[in-house]
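Have a look at my_file.csv below; it lists CSV, C-alpha atoms.
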chain,number,residue,atom,x,y,z
A,1,MET,CA,-3.6,-14.8,-129.8
A,2,LEU,CA,-6.5,-15.5,-132.1
A,3,THR,CA,-9.9,-15.1,-130.7
A,4,ASN,CA,-12.6,-17.6,-132.0
A,5,PRO,CA,-11.7,-17.7,-135.7
A,6,THR,CA,-14.8,-19.6,-136.7
A,7,THR,CA,-17.2,-17.0,-135.3
A,8,SER,CA,-15.1,-14.2,-136.6
A,9,LEU,CA,-14.9,-15.7,-140.1
A,10,SER,CA,-18.6,-16.2,-140.1
A,11,ARG,CA,-19.3,-12.6,-139.1
A,12,ALA,CA,-16.8,-11.2,-141.6
A,13,ALA,CA,-17.9,-13.4,-144.5
A,14,THR,CA,-21.6,-12.9,-143.9
A,15,SER,CA,-21.4,-9.1,-143.7
A,16,THR,CA,-19.1,-9.0,-146.8
A,17,PHE,CA,-21.3,-11.1,-149.0
A,18,GLU,CA,-24.3,-9.1,-147.9
A,19,SER,CA,-22.9,-5.6,-148.2
A,20,LEU,CA,-20.5,-6.0,-151.1
A,21,ALA,CA,-22.1,-8.6,-153.3
A,22,PHE,CA,-25.8,-8.3,-152.2
A,23,LEU,CA,-26.0,-12.0,-151.5
A,24,VAL,CA,-27.7,-13.4,-148.3
A,25,PRO,CA,-25.7,-16.3,-146.9
A,26,GLU,CA,-26.9,-19.0,-144.5
A,27,GLU,CA,-24.3,-20.9,-142.5
A,28,LEU,CA,-24.4,-24.7,-142.9
A,29,PRO,CA,-22.4,-27.3,-141.0
A,30,ALA,CA,-18.9,-27.4,-142.3
A,31,ILE,CA,-18.7,-31.2,-142.3
A,32,GLY,CA,-18.0,-32.3,-145.9
A,33,ALA,CA,-17.6,-28.8,-147.1
A,34,GLU,CA,-14.5,-29.7,-149.0
A,35,LEU,CA,-16.6,-31.9,-151.3
A,36,VAL,CA,-18.7,-29.0,-152.6
A,37,PRO,CA,-18.0,-28.5,-156.3
A,38,LEU,CA,-16.3,-25.1,-156.7
A,39,ALA,CA,-15.9,-23.0,-159.9
A,40,ALA,CA,-13.2,-20.7,-158.5
A,41,SER,CA,-11.1,-20.0,-155.4
A,42,ALA,CA,-9.1,-17.1,-154.2
A,43,SER,CA,-6.7,-16.6,-151.3
A,44,VAL,CA,-5.3,-13.7,-149.4
A,45,THR,CA,-2.1,-14.2,-147.4
A,46,TRP,CA,-1.4,-11.9,-144.5
A,47,ARG,CA,1.5,-11.1,-142.2
A,48,GLY,CA,1.7,-9.3,-138.8
A,49,PRO,CA,1.7,-10.6,-135.2
A,50,VAL,CA,0.6,-13.9,-136.8
A,51,THR,CA,1.0,-15.0,-140.4
A,52,GLY,CA,-1.7,-16.9,-142.4
A,53,ARG,CA,-4.2,-16.8,-145.1
A,54,VAL,CA,-7.9,-16.8,-145.9
A,55,VAL,CA,-9.2,-19.0,-148.8
A,56,ILE,CA,-12.6,-18.6,-150.4
A,57,GLY,CA,-14.1,-21.0,-152.9
A,58,VAL,CA,-17.5,-20.5,-154.6
A,59,SER,CA,-19.8,-22.4,-156.9
A,60,ARG,CA,-20.5,-21.2,-160.4
A,61,GLY,CA,-23.7,-19.5,-159.5
A,62,VAL,CA,-22.1,-17.5,-156.7
A,63,LEU,CA,-19.2,-16.6,-158.9
A,64,ARG,CA,-21.5,-15.2,-161.5
A,65,ALA,CA,-23.7,-13.4,-159.0
A,66,VAL,CA,-20.7,-11.8,-157.2
A,67,ALA,CA,-19.4,-10.3,-160.5
A,68,GLU,CA,-22.8,-9.2,-161.7
A,69,ASN,CA,-23.9,-7.6,-158.4
A,70,MET,CA,-20.5,-5.9,-157.8
A,71,LEU,CA,-19.7,-4.8,-161.4
A,72,GLY,CA,-22.9,-4.9,-163.4
A,73,ALA,CA,-24.6,-7.3,-165.8
A,74,HIS,CA,-21.8,-6.9,-168.4
A,75,ALA,CA,-19.4,-8.6,-166.0
A,76,ALA,CA,-21.4,-11.6,-165.2
A,77,ASP,CA,-20.1,-13.8,-168.1
A,78,ASP,CA,-16.5,-12.7,-168.2
A,79,ALA,CA,-14.2,-15.2,-166.5
A,80,THR,CA,-11.5,-12.7,-165.7
A,81,THR,CA,-13.9,-10.2,-164.2
A,82,GLN,CA,-15.6,-12.9,-162.2
A,83,ARG,CA,-12.3,-14.0,-160.7
A,84,ASP,CA,-11.3,-10.3,-160.0
A,85,ALA,CA,-14.6,-9.8,-158.2
A,86,LEU,CA,-14.0,-13.0,-156.1
A,87,GLY,CA,-10.5,-11.8,-155.3
A,88,GLU,CA,-12.0,-8.5,-154.0
A,89,VAL,CA,-14.5,-10.4,-151.8
A,90,ALA,CA,-11.6,-12.5,-150.4
A,91,ASN,CA,-9.6,-9.3,-149.7
A,92,VAL,CA,-12.5,-7.6,-147.9
A,93,VAL,CA,-13.3,-10.7,-145.9
A,94,THR,CA,-9.6,-11.0,-144.8
A,95,GLY,CA,-9.5,-7.3,-143.9
A,96,ASN,CA,-12.6,-7.7,-141.8
A,97,VAL,CA,-11.8,-10.9,-140.1
A,98,LEU,CA,-8.3,-10.0,-138.8
A,99,PRO,CA,-9.3,-7.3,-136.4
A,100,LEU,CA,-12.0,-9.7,-135.0
A,101,VAL,CA,-9.5,-12.5,-134.3
A,102,ALA,CA,-6.4,-10.5,-133.4
A,103,GLY,CA,-7.8,-7.2,-132.0
A,104,ALA,CA,-8.3,-3.8,-133.4
A,105,ASP,CA,-4.7,-2.7,-132.5
A,106,ALA,CA,-3.0,-5.5,-134.5
A,107,VAL,CA,-1.4,-4.3,-137.7
A,108,PHE,CA,-1.3,-6.7,-140.7
A,109,ARG,CA,0.0,-6.5,-144.3
A,110,LEU,CA,-2.2,-8.2,-146.8
A,111,ASP,CA,-0.9,-9.6,-150.1
A,112,ALA,CA,-2.9,-9.1,-153.2
A,113,PRO,CA,-5.6,-11.7,-153.7
A,114,ALA,CA,-4.4,-14.7,-155.7
A,115,LEU,CA,-6.3,-17.3,-157.7
A,116,ALA,CA,-6.2,-20.6,-155.8
A,117,ASP,CA,-6.7,-24.2,-157.1
A,118,GLY,CA,-8.6,-27.1,-155.6
A,119,ALA,CA,-5.7,-27.9,-153.3
A,120,SER,CA,-5.9,-24.5,-151.7
A,121,PHE,CA,-8.1,-25.9,-148.8
A,122,ALA,CA,-5.2,-28.1,-147.6
A,123,ALA,CA,-3.0,-26.6,-145.0
A,124,HIS,CA,0.5,-25.5,-146.2
A,125,ALA,CA,3.6,-26.4,-144.3
A,126,GLY,CA,3.8,-24.6,-141.0
A,127,GLU,CA,0.1,-23.6,-140.8
A,128,THR,CA,-3.0,-24.9,-139.2
A,129,ARG,CA,-6.6,-24.5,-140.3
A,130,HIS,CA,-8.4,-22.7,-137.5
A,131,ALA,CA,-11.8,-22.3,-139.2
A,132,LEU,CA,-13.8,-23.8,-142.0
A,133,LEU,CA,-17.1,-22.3,-143.0
A,134,HIS,CA,-19.8,-23.4,-145.4
A,135,LEU,CA,-22.3,-20.8,-146.6
A,136,ARG,CA,-25.3,-21.3,-148.8
A,137,MET,CA,-27.0,-18.7,-150.9
A,138,ASP,CA,-29.8,-18.9,-153.4
A,139,GLU,CA,-27.1,-18.8,-156.1
A,140,GLY,CA,-25.0,-21.6,-154.7
A,141,ASP,CA,-22.3,-22.3,-152.1
A,142,ALA,CA,-19.2,-20.7,-150.7
A,143,ILE,CA,-16.5,-22.4,-148.6
A,144,LEU,CA,-14.1,-20.3,-146.5
A,145,ALA,CA,-11.1,-21.3,-144.5
A,146,PHE,CA,-8.9,-19.4,-142.1
A,147,TYR,CA,-5.3,-20.6,-141.7
A,148,ALA,CA,-2.6,-19.3,-139.4
A,149,GLU,CA,0.9,-20.3,-138.5
A,150,ALA,CA,0.9,-23.5,-136.5
A,151,ALA,CA,2.3,-21.8,-133.4
A,152,ALA,CA,-0.7,-19.4,-133.2
A,153,ALA,CA,-2.6,-19.7,-129.9
A,154,VAL,CA,-6.4,-19.8,-130.3
A,155,ALA,CA,-8.8,-18.7,-127.7
A,156,GLU,CA,-12.4,-20.1,-128.2
A,157,ALA,CA,-15.2,-17.9,-126.9
A,158,ALA,CA,-17.4,-19.6,-124.4

Please render this file's structure as structure tokens.
Amino acid sequence: MLTNPTTSLSRAATSTFESLAFLVPEELPAIGAELVPLAASASVTWRGPVTGRVVIGVSRGVLRAVAENMLGAHAADDATTQRDALGEVANVVTGNVLPLVAGADAVFRLDAPALADGASFAAHAGETRHALLHLRMDEGDAILAFYAEAAAAVAEAA
């Protein structure tokens, strides 16, 4: 059973952006989030008691800031390094959200982060989107989605 994926994704994403990339996100309503222009997206697929993926897309300013804040000023303008830094953020968010939604005892296997395209925010066959999050930082926007197999039961916190 997945426990409140929206709240869990918000907690995991906010703490990851703050501690890993030194960016301070503010959560915005997710309505229309799919229309935000994104410079890059990354996804991390996971398997365990439930199978799914987390997708993160960021605007150009956030992509640049993530690379610079994580790896130094020399990394800010290198497209490959920017995408690697975004992949690491996606990996850490995924690793942080899974214990929150599935419990600390659940064991998951995470695939390596993969570059995603604009269609990455559409559900794949057999999965359901359980959370969509829109974060705004001074540098731009980030959109995050949490997908799990369609049969996954979700318990919303009161």

Select from stretch 10-120 of chain A every residue with an atom at most 10 Å from any atom of stretch 125-140 of chain A, then for each give the shortest pair of atoms and their distance in Å to one decimal, using all atoms listed in the file, rows by chain and rising number, as CSV.
residue,atom,partner,partner_atom,distance
A:Ser10,CA,A:Leu133,CA,6.9
A:Ala13,CA,A:Leu135,CA,8.9
A:Thr14,CA,A:Leu135,CA,8.4
A:Phe17,CA,A:Met137,CA,9.7
A:Leu23,CA,A:Met137,CA,6.8
A:Val24,CA,A:Met137,CA,5.9
A:Pro25,CA,A:Met137,CA,4.8
A:Glu26,CA,A:Arg136,CA,5.1
A:Glu27,CA,A:Leu135,CA,4.6
A:Leu28,CA,A:His134,CA,5.4
A:Pro29,CA,A:His134,CA,6.4
A:Ala30,CA,A:His134,CA,5.1
A:Ile31,CA,A:His134,CA,8.5
A:Gly32,CA,A:His134,CA,9.1
A:Ala33,CA,A:His134,CA,6.1
A:Glu34,CA,A:His134,CA,9.0
A:Val36,CA,A:His134,CA,9.2
A:Pro37,CA,A:Gly140,CA,10.0
A:Leu38,CA,A:Gly140,CA,9.6
A:Thr51,CA,A:Glu127,CA,8.7
A:Gly52,CA,A:Glu127,CA,7.1
A:Arg53,CA,A:Glu127,CA,9.1
A:Val54,CA,A:Ala131,CA,9.5
A:Val55,CA,A:Leu132,CA,9.5
A:Ile56,CA,A:Leu133,CA,9.4
A:Gly57,CA,A:His134,CA,9.7
A:Val58,CA,A:Gly140,CA,7.6
A:Ser59,CA,A:Gly140,CA,5.7
A:Arg60,CA,A:Gly140,CA,7.3
A:Gly61,CA,A:Glu139,CA,4.9
A:Val62,CA,A:Glu139,CA,5.2
A:Leu63,CA,A:Glu139,CA,8.7
A:Arg64,CA,A:Glu139,CA,8.6
A:Ala65,CA,A:Glu139,CA,7.0
A:Val66,CA,A:Glu139,CA,9.5

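The interatomic distance for the pair atom CA of A:Asp141 and atom CA of A:Ser41 works out to 11.9 Å.
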
Coordinates-based distance that separates atom CA of A:Phe22 from atom CA of A:Asp84 (Å, one decimal):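 Distance between the two atoms: 16.6 Å.
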
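Residues in contact range of stretch 96-101 of chain A, defined as at most 6 Å between only C-alpha atoms, with sequence neighbours fewer than 5 positions away removed, read Leu2, Thr3, Pro5, Ser8, Leu9 and Ala12 of chain A.
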
Interatomic distance, atom CA of A:Tyr147 to atom CA of A:Arg47 (Å, one decimal):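 Calculated distance between atom CA of A:Tyr147 and atom CA of A:Arg47 is 11.7 Å.
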
Which residues are near A:Ala106? Cut-off 8 Å, only C-alpha atoms, ignore same chain within fewer than 3 positions. Put them as a PyMOL selection string. chain A and resi 48-49+99+102-103

Of A:Ala67, A:Ala76, A:Leu144, A:Ala123, the one nearest to A:Thr94 when counting all atoms listed in the file is A:Leu144

From the set A:Leu20, A:Ala148, A:Val92, A:Asn4, which residue has the shortest atom-to-atom contact distance to A:Leu71, counting only C-alpha atoms?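 Residue with the minimum atom-to-atom distance to A:Leu71: A:Leu20.
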
Counting only C-alpha atoms, which of A:Val89, A:Ala21, A:Ala79, A:Ala122 gets nearest to A:Phe146?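 The shortest atom-to-atom distance to A:Phe146 comes from A:Ala122.
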
Could stretch 81-106 of chain A be completed with N, CA and C atoms and written as a PDB file, keeping the file's coordinate frame, please?
ATOM      1  N   THR A  81     -13.159 -11.152-165.110  1.00  0.00           N
ATOM      2  CA  THR A  81     -13.900 -10.200-164.200  1.00  0.00           C
ATOM      3  C   THR A  81     -14.473 -10.948-163.046  1.00  0.00           C
ATOM      4  N   GLN A  82     -15.015 -12.135-163.284  1.00  0.00           N
ATOM      5  CA  GLN A  82     -15.600 -12.900-162.200  1.00  0.00           C
ATOM      6  C   GLN A  82     -14.513 -13.226-161.137  1.00  0.00           C
ATOM      7  N   ARG A  83     -13.348 -13.630-161.594  1.00  0.00           N
ATOM      8  CA  ARG A  83     -12.300 -14.000-160.700  1.00  0.00           C
ATOM      9  C   ARG A  83     -11.729 -12.722-159.940  1.00  0.00           C
ATOM     10  N   ASP A  84     -11.696 -11.598-160.642  1.00  0.00           N
ATOM     11  CA  ASP A  84     -11.300 -10.300-160.000  1.00  0.00           C
ATOM     12  C   ASP A  84     -12.277  -9.968-158.881  1.00  0.00           C
ATOM     13  N   ALA A  85     -13.569 -10.119-159.154  1.00  0.00           N
ATOM     14  CA  ALA A  85     -14.600  -9.800-158.200  1.00  0.00           C
ATOM     15  C   ALA A  85     -14.466 -10.750-156.955  1.00  0.00           C
ATOM     16  N   LEU A  86     -14.226 -12.028-157.210  1.00  0.00           N
ATOM     17  CA  LEU A  86     -14.000 -13.000-156.100  1.00  0.00           C
ATOM     18  C   LEU A  86     -12.794 -12.606-155.299  1.00  0.00           C
ATOM     19  N   GLY A  87     -11.730 -12.199-155.959  1.00  0.00           N
ATOM     20  CA  GLY A  87     -10.500 -11.800-155.300  1.00  0.00           C
ATOM     21  C   GLY A  87     -10.806 -10.573-154.356  1.00  0.00           C
ATOM     22  N   GLU A  88     -11.627  -9.656-154.816  1.00  0.00           N
ATOM     23  CA  GLU A  88     -12.000  -8.500-154.000  1.00  0.00           C
ATOM     24  C   GLU A  88     -12.794  -8.930-152.771  1.00  0.00           C
ATOM     25  N   VAL A  89     -13.712  -9.877-152.955  1.00  0.00           N
ATOM     26  CA  VAL A  89     -14.500 -10.400-151.800  1.00  0.00           C
ATOM     27  C   VAL A  89     -13.500 -11.035-150.811  1.00  0.00           C
ATOM     28  N   ALA A  90     -12.554 -11.833-151.297  1.00  0.00           N
ATOM     29  CA  ALA A  90     -11.600 -12.500-150.400  1.00  0.00           C
ATOM     30  C   ALA A  90     -10.752 -11.419-149.674  1.00  0.00           C
ATOM     31  N   ASN A  91     -10.366 -10.361-150.348  1.00  0.00           N
ATOM     32  CA  ASN A  91      -9.600  -9.300-149.700  1.00  0.00           C
ATOM     33  C   ASN A  91     -10.387  -8.597-148.628  1.00  0.00           C
ATOM     34  N   VAL A  92     -11.646  -8.299-148.879  1.00  0.00           N
ATOM     35  CA  VAL A  92     -12.500  -7.600-147.900  1.00  0.00           C
ATOM     36  C   VAL A  92     -12.767  -8.529-146.699  1.00  0.00           C
ATOM     37  N   VAL A  93     -13.067  -9.802-146.962  1.00  0.00           N
ATOM     38  CA  VAL A  93     -13.300 -10.700-145.900  1.00  0.00           C
ATOM     39  C   VAL A  93     -12.048 -10.800-144.978  1.00  0.00           C
ATOM     40  N   THR A  94     -10.884 -10.907-145.592  1.00  0.00           N
ATOM     41  CA  THR A  94      -9.600 -11.000-144.800  1.00  0.00           C
ATOM     42  C   THR A  94      -9.425  -9.716-144.007  1.00  0.00           C
ATOM     43  N   GLY A  95      -9.621  -8.570-144.629  1.00  0.00           N
ATOM     44  CA  GLY A  95      -9.500  -7.300-143.900  1.00  0.00           C
ATOM     45  C   GLY A  95     -10.459  -7.148-142.775  1.00  0.00           C
ATOM     46  N   ASN A  96     -11.627  -7.754-142.903  1.00  0.00           N
ATOM     47  CA  ASN A  96     -12.600  -7.700-141.800  1.00  0.00           C
ATOM     48  C   ASN A  96     -12.438  -8.692-140.735  1.00  0.00           C
ATOM     49  N   VAL A  97     -11.893  -9.862-141.068  1.00  0.00           N
ATOM     50  CA  VAL A  97     -11.800 -10.900-140.100  1.00  0.00           C
ATOM     51  C   VAL A  97     -10.550 -10.680-139.145  1.00  0.00           C
ATOM     52  N   LEU A  98      -9.484 -10.115-139.648  1.00  0.00           N
ATOM     53  CA  LEU A  98      -8.300 -10.000-138.800  1.00  0.00           C
ATOM     54  C   LEU A  98      -8.458  -9.145-137.572  1.00  0.00           C
ATOM     55  N   PRO A  99      -9.127  -7.988-137.612  1.00  0.00           N
ATOM     56  CA  PRO A  99      -9.300  -7.300-136.400  1.00  0.00           C
ATOM     57  C   PRO A  99     -10.226  -8.037-135.371  1.00  0.00           C
ATOM     58  N   LEU A 100     -11.110  -8.877-135.894  1.00  0.00           N
ATOM     59  CA  LEU A 100     -12.000  -9.700-135.000  1.00  0.00           C
ATOM     60  C   LEU A 100     -11.203 -10.762-134.292  1.00  0.00           C
ATOM     61  N   VAL A 101     -10.228 -11.357-134.966  1.00  0.00           N
ATOM     62  CA  VAL A 101      -9.500 -12.500-134.300  1.00  0.00           C
ATOM     63  C   VAL A 101      -8.237 -11.990-133.596  1.00  0.00           C
ATOM     64  N   ALA A 102      -7.661 -10.877-133.996  1.00  0.00           N
ATOM     65  CA  ALA A 102      -6.400 -10.500-133.400  1.00  0.00           C
ATOM     66  C   ALA A 102      -6.484  -9.151-132.621  1.00  0.00           C
ATOM     67  N   GLY A 103      -7.634  -8.504-132.664  1.00  0.00           N
ATOM     68  CA  GLY A 103      -7.800  -7.200-132.000  1.00  0.00           C
ATOM     69  C   GLY A 103      -7.604  -6.055-132.892  1.00  0.00           C
ATOM     70  N   ALA A 104      -8.270  -4.971-132.561  1.00  0.00           N
ATOM     71  CA  ALA A 104      -8.300  -3.800-133.400  1.00  0.00           C
ATOM     72  C   ALA A 104      -6.903  -3.107-133.509  1.00  0.00           C
ATOM     73  N   ASP A 105      -6.032  -3.328-132.530  1.00  0.00           N
ATOM     74  CA  ASP A 105      -4.700  -2.700-132.500  1.00  0.00           C
ATOM     75  C   ASP A 105      -3.671  -3.419-133.343  1.00  0.00           C
ATOM     76  N   ALA A 106      -3.937  -4.671-133.689  1.00  0.00           N
ATOM     77  CA  ALA A 106      -3.000  -5.500-134.500  1.00  0.00           C
ATOM     78  C   ALA A 106      -2.860  -4.904-135.877  1.00  0.00           C
TER      79      ALA A 106
END
